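Below: one structure, written as structure tokens.
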Amino acid sequence: MSYEVILDDFQGPLDLLLHLIKEKEMDLETLEVSEITDQYLAYINQMDPNQLEIMSEYLVMATQLIEMKSKMLLPNEKVELEDEYKEDPREQLIRRLIEYKKYKDILEDMRESYDYRHTLYTKAPAIMDEYVVDTTNLIPDNLEVYDLIRAMQKMFQRKSLTTPLESKIARVEISIEERSDQIRQYFKRHHHQKIRFDDLFDEPTTSYFVITFLSILTLVNKREIEIEQSGNFEDIFLKERE
Amino acid sequence: MEHNEILSIIEGMLFLSGDEGLTIKQISSILELSKKEATIYMDELVQTINERTIKGFELVNFGGVFKFVTLSKHHEYYQKMIEQNENTLSNAALETLAIIAYNQPITRVSVEEIRGVGCDAMIRKLVAKALIKEVGREDTPGKPILYGVTEEFMDAFSLASLDELPQLKEMKEDFDQDDIFNTKYTEDIDEE
Amino acid sequence: MEHNEILSIIEGMLFLSGDEGLTIKQISSILELSKKEATIYMDELVQTINERTIKGFELVNFGGVFKFVTLSKHHEYYQKMIEQNENTLSNAALETLAIIAYNQPITRVSVEEIRGVGCDAMIRKLVAKALIKEVGREDTPGKPILYGVTEEFMDAFSLASLDELPQLKEMKEDFDQDDIFNTKYTEDIDEE
């Protein structure tokens, strides 16, 4: 028999037990301790002994199972049950498995809502620090550490959320020479075409506007391009001088 | 103040507050309304905003915090404009969170009893992620910390209230042999 | 794609871009439209949004950048929204405090680098509340003031020491699958 599943796939001994019970198509209520113990031990034997840290929790369960199994094999098993106040360990294990399974069963639903939430986006709050007129010097009395942690987490989330990719690129400083060159390339790509003046102002920063404007003036001055406007307030067009 | 004017102001406030959102309490205090009035206005605003023909975002309530979010069906377009943290949740984290959400307030030891494994590191991590927080101390020897889920948890799982968590299949409370063992446990034990 | 669907996606993009806004170029590249088409859509969207009966914000075009802005006639309410009463600290204040607590001693300029916004007014307010204080001067040109948190801060957040705050590493780290095994489970599995 080969074990394809490794212990890293399990969240602990209870998880492993549920897996085995399912695999053996056993009912939780009619759990056969003896069989499940053998299965469980077979798994444990496959474990890498170097991962003792991980193993310890599984080993605690293994001892309990072995103890349970051995007691059940004893002829005086009935006598054991005389003590009403002590719960049958088998029942107790079943109870724990049922309890644990309750949560296992809804995890997929929860993960679904979690994944769904990740398809909803929202924006950072508008920055309004300067409007804050805090008139009192009192410290609020309902603060908790959670408030700080939450503020920090929100900030981490926002860092990657709020900066549109293109505006990052736009912030790169550029010289008139470089921009003039870009405009020349632009005209090359749009050979013999009239270019709308606005089309060259495609990045929303002031410095970019100024540099682009100065570059156009330079190019006009050098008689590389010319400006056309059919009348006041009409669209301005640029084209290469032939 | 005129009815639509109030709704307009709330809309503006929601826009400005972004992911921080607004609670009924904040809205009522800023606009000097009773909580009941504010709730009625919010209900109307949710309806008005969510029923628009052209709708790029809608108004949701996660854990009592109202905020605008974009629509799930458009998310691929927004992915192009923003980088988002992956922020995946491991099974261990999810399991621990579920147990806390359904049983809060709950101590670490009680979570460990249910899971059958140690949860110390996991609980610290969930606190650091603002998904759970200390909500008090249990009145037993050692005064262990009691944990509960947070507003951030509600947001992370798009829940308006904890009632919206999936229903747990309850087992019979008194577990005596004659009873529960005759009741056949029907559904399959499903694992991933 | 359907007409109203495109308008909806643009609305969502504008919402997400917030104060930064979007250019025709950005809109056309994300939606794979020509600039001319994008311009026509924007004209329609401006009209639709600005003609709403309930209107807390409108769509403006400032120098080729489209963005939503709230209405100046509602200004006093937005002012009120961020005015602090003695029972709350704004999120901006909490964020600033958290940054100082984790990085102290730290200069104002460094706080601003992390937050990405000016913090001059905010830092003055936090000093006035005695939540932070000057703890020295940095040994660089200009000798800028170094800030740190105060005993009042520790009191306000019921912290015995800053070690009680989660580690920055834990706050940033993703959940990985095997993190439950980071600590050894010491107690026996309780038999109640």
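Please note that chains go A, B, ... in the order of the structure tokens, that every chain numbers its residues from 1, and that ligands are numbered from 1 in the order shown.
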
* Kindly determine which residues of chain B lie within 6 Å of chain A, considering only C-alpha atoms, and give the answer as a PyMOL selection string. => chain B and resi 16-19+69-72+75+81-84+114+117+130+156-158+168+181+189

Okay, now the selection with N, CA and C atoms, as a compact mmCIF listing (two decimals), in the first residue's frame?
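Dumped to out.txt:
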# COMPACT_ATOMS: atom_id res chain seq x y z
N LEU B 16 -15.73 60.07 0.08
CA LEU B 16 -14.49 60.56 0.71
C LEU B 16 -13.89 59.51 1.64
N SER B 17 -14.76 58.79 2.36
CA SER B 17 -14.22 57.88 3.38
C SER B 17 -13.62 56.61 2.79
N GLY B 18 -13.94 56.29 1.52
CA GLY B 18 -13.29 55.16 0.85
C GLY B 18 -13.35 53.87 1.64
N ASP B 19 -12.22 53.18 1.78
CA ASP B 19 -12.23 51.87 2.43
C ASP B 19 -12.47 51.96 3.94
N VAL B 69 -17.89 49.66 -2.96
CA VAL B 69 -16.93 48.73 -3.56
C VAL B 69 -17.31 48.53 -5.03
N THR B 70 -16.31 48.23 -5.84
CA THR B 70 -16.59 47.97 -7.25
C THR B 70 -17.21 46.58 -7.39
N LEU B 71 -17.72 46.27 -8.56
CA LEU B 71 -18.43 45.01 -8.75
C LEU B 71 -17.48 43.87 -9.08
N SER B 72 -17.82 42.70 -8.52
CA SER B 72 -17.00 41.50 -8.73
C SER B 72 -16.83 41.18 -10.21
N HIS B 75 -13.91 42.79 -12.06
CA HIS B 75 -12.62 42.88 -11.38
C HIS B 75 -11.42 42.74 -12.31
N MET B 81 -5.33 48.04 -13.49
CA MET B 81 -4.86 49.34 -13.01
C MET B 81 -4.26 49.33 -11.62
N ILE B 82 -4.51 48.31 -10.87
CA ILE B 82 -3.93 48.31 -9.52
C ILE B 82 -3.22 47.01 -9.20
N GLU B 83 -2.18 47.16 -8.42
CA GLU B 83 -1.53 45.96 -7.90
C GLU B 83 -2.25 45.62 -6.61
N GLN B 84 -2.54 44.37 -6.41
CA GLN B 84 -3.17 44.03 -5.15
C GLN B 84 -2.35 42.98 -4.43
N ILE B 114 -10.50 22.14 20.13
CA ILE B 114 -11.32 21.80 18.97
C ILE B 114 -10.45 21.36 17.80
N VAL B 117 -4.65 20.76 17.66
CA VAL B 117 -3.25 21.17 17.47
C VAL B 117 -3.00 22.52 18.14
N ALA B 130 -5.04 41.77 12.17
CA ALA B 130 -6.24 42.52 12.59
C ALA B 130 -7.53 41.75 12.33
N ALA B 156 -13.31 41.16 5.50
CA ALA B 156 -12.56 40.17 4.71
C ALA B 156 -13.46 39.06 4.18
N PHE B 157 -14.55 38.77 4.91
CA PHE B 157 -15.45 37.70 4.47
C PHE B 157 -16.79 38.26 3.97
N SER B 158 -16.82 39.52 3.63
CA SER B 158 -18.02 40.22 3.14
C SER B 158 -19.28 39.90 3.93
N LEU B 168 -23.80 25.95 10.85
CA LEU B 168 -23.11 24.72 11.23
C LEU B 168 -24.13 23.62 11.39
N PHE B 181 -26.39 7.17 18.66
CA PHE B 181 -25.83 6.10 17.85
C PHE B 181 -26.87 5.41 16.98
N ILE B 189 -18.42 12.44 4.89
CA ILE B 189 -17.34 13.22 5.47
C ILE B 189 -16.54 13.76 4.31

Kindly assemble as JSON lines a list of the chain B residues that lie within 6 Å of chain C, each paired with its nearest atom pair and their distance in Å to one decimal, using only C-alpha atoms, sorted first by chain and then by ascending residue number.
{"residue": "B:Asn4", "atom": "CA", "partner": "C:Ile54", "partner_atom": "CA", "distance": 5.6}
{"residue": "B:Ser8", "atom": "CA", "partner": "C:Gly56", "partner_atom": "CA", "distance": 4.2}
{"residue": "B:Ile9", "atom": "CA", "partner": "C:Gly56", "partner_atom": "CA", "distance": 5.3}
{"residue": "B:Glu11", "atom": "CA", "partner": "C:Gly56", "partner_atom": "CA", "distance": 4.9}
{"residue": "B:Gly12", "atom": "CA", "partner": "C:Gly56", "partner_atom": "CA", "distance": 4.0}
{"residue": "B:Ile54", "atom": "CA", "partner": "C:Ser8", "partner_atom": "CA", "distance": 4.9}
{"residue": "B:Lys55", "atom": "CA", "partner": "C:Ser8", "partner_atom": "CA", "distance": 4.7}
{"residue": "B:Gly56", "atom": "CA", "partner": "C:Gly12", "partner_atom": "CA", "distance": 4.0}
{"residue": "B:Phe57", "atom": "CA", "partner": "C:Gly12", "partner_atom": "CA", "distance": 5.5}
{"residue": "B:Thr70", "atom": "CA", "partner": "C:Gly12", "partner_atom": "CA", "distance": 5.8}
{"residue": "B:Asn87", "atom": "CA", "partner": "C:Asp174", "partner_atom": "CA", "distance": 5.9}
{"residue": "B:Leu89", "atom": "CA", "partner": "C:Phe175", "partner_atom": "CA", "distance": 5.7}
{"residue": "B:Ser90", "atom": "CA", "partner": "C:Gln177", "partner_atom": "CA", "distance": 5.2}
{"residue": "B:Gly118", "atom": "CA", "partner": "C:Tyr185", "partner_atom": "CA", "distance": 4.6}
{"residue": "B:Met122", "atom": "CA", "partner": "C:Ile180", "partner_atom": "CA", "distance": 5.9}
{"residue": "B:Lys125", "atom": "CA", "partner": "C:Glu170", "partner_atom": "CA", "distance": 5.8}
{"residue": "B:Ala128", "atom": "CA", "partner": "C:Met171", "partner_atom": "CA", "distance": 4.9}
{"residue": "B:Lys129", "atom": "CA", "partner": "C:Met171", "partner_atom": "CA", "distance": 5.5}

* Asked: So which residues of range 43-169 of chain B fall under alpha helix (DSSP H) by DSSP, listed as a PyMOL selection string?
  -> chain B and resi 43-50+75-81+91-103+108-115+120-128+151-156

* Using CA of Met1 in chain B and CA of Glu20 in chain B as the two end points, give the distance in Å to one decimal. => 26.2 Å

List as a CSV table (one decimal) with N, CA, C and O atoms, in the first residue's frame the protein and nucleic acid residues near Val109 in chain C, meaning an atom at most 10 Å away when only C-alpha atoms are counted, but skip any in the same chain fewer than 6 places from it.
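Done, and the output landed in part.csv:
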chain,number,residue,atom,x,y,z
C,115,ARG,N,3.9,57.3,5.0
C,115,ARG,CA,2.4,57.5,4.8
C,115,ARG,C,2.1,58.0,3.4
C,115,ARG,O,1.0,57.9,2.9
C,116,GLY,N,3.1,58.7,2.8
C,116,GLY,CA,2.9,59.3,1.5
C,116,GLY,C,2.1,60.6,1.5
C,116,GLY,O,1.7,61.0,0.5
C,117,VAL,N,1.9,61.1,2.7
C,117,VAL,CA,1.3,62.4,2.8
C,117,VAL,C,2.0,63.3,3.8
C,117,VAL,O,2.6,62.8,4.7
C,118,GLY,N,1.8,64.6,3.8
C,118,GLY,CA,2.3,65.5,4.7
C,118,GLY,C,1.7,65.2,6.1
C,118,GLY,O,0.5,64.9,6.2
C,119,CYS,N,2.5,65.3,7.2
C,119,CYS,CA,2.0,65.0,8.5
C,119,CYS,C,2.3,66.1,9.5
C,119,CYS,O,2.2,65.8,10.7
C,120,ASP,N,2.6,67.2,9.0
C,120,ASP,CA,3.0,68.3,9.9
C,120,ASP,C,1.9,68.6,10.9
C,120,ASP,O,2.1,68.5,12.2
C,144,PRO,N,16.9,67.4,12.4
C,144,PRO,CA,15.5,67.3,12.5
C,144,PRO,C,15.1,66.6,13.9
C,144,PRO,O,15.8,65.7,14.4
C,145,ILE,N,13.9,66.9,14.3
C,145,ILE,CA,13.4,66.4,15.6
C,145,ILE,C,13.0,64.9,15.4
C,145,ILE,O,12.5,64.5,14.4
C,146,LEU,N,13.4,64.1,16.4
C,146,LEU,CA,13.0,62.7,16.4
C,146,LEU,C,11.8,62.5,17.4
C,146,LEU,O,11.8,63.1,18.5
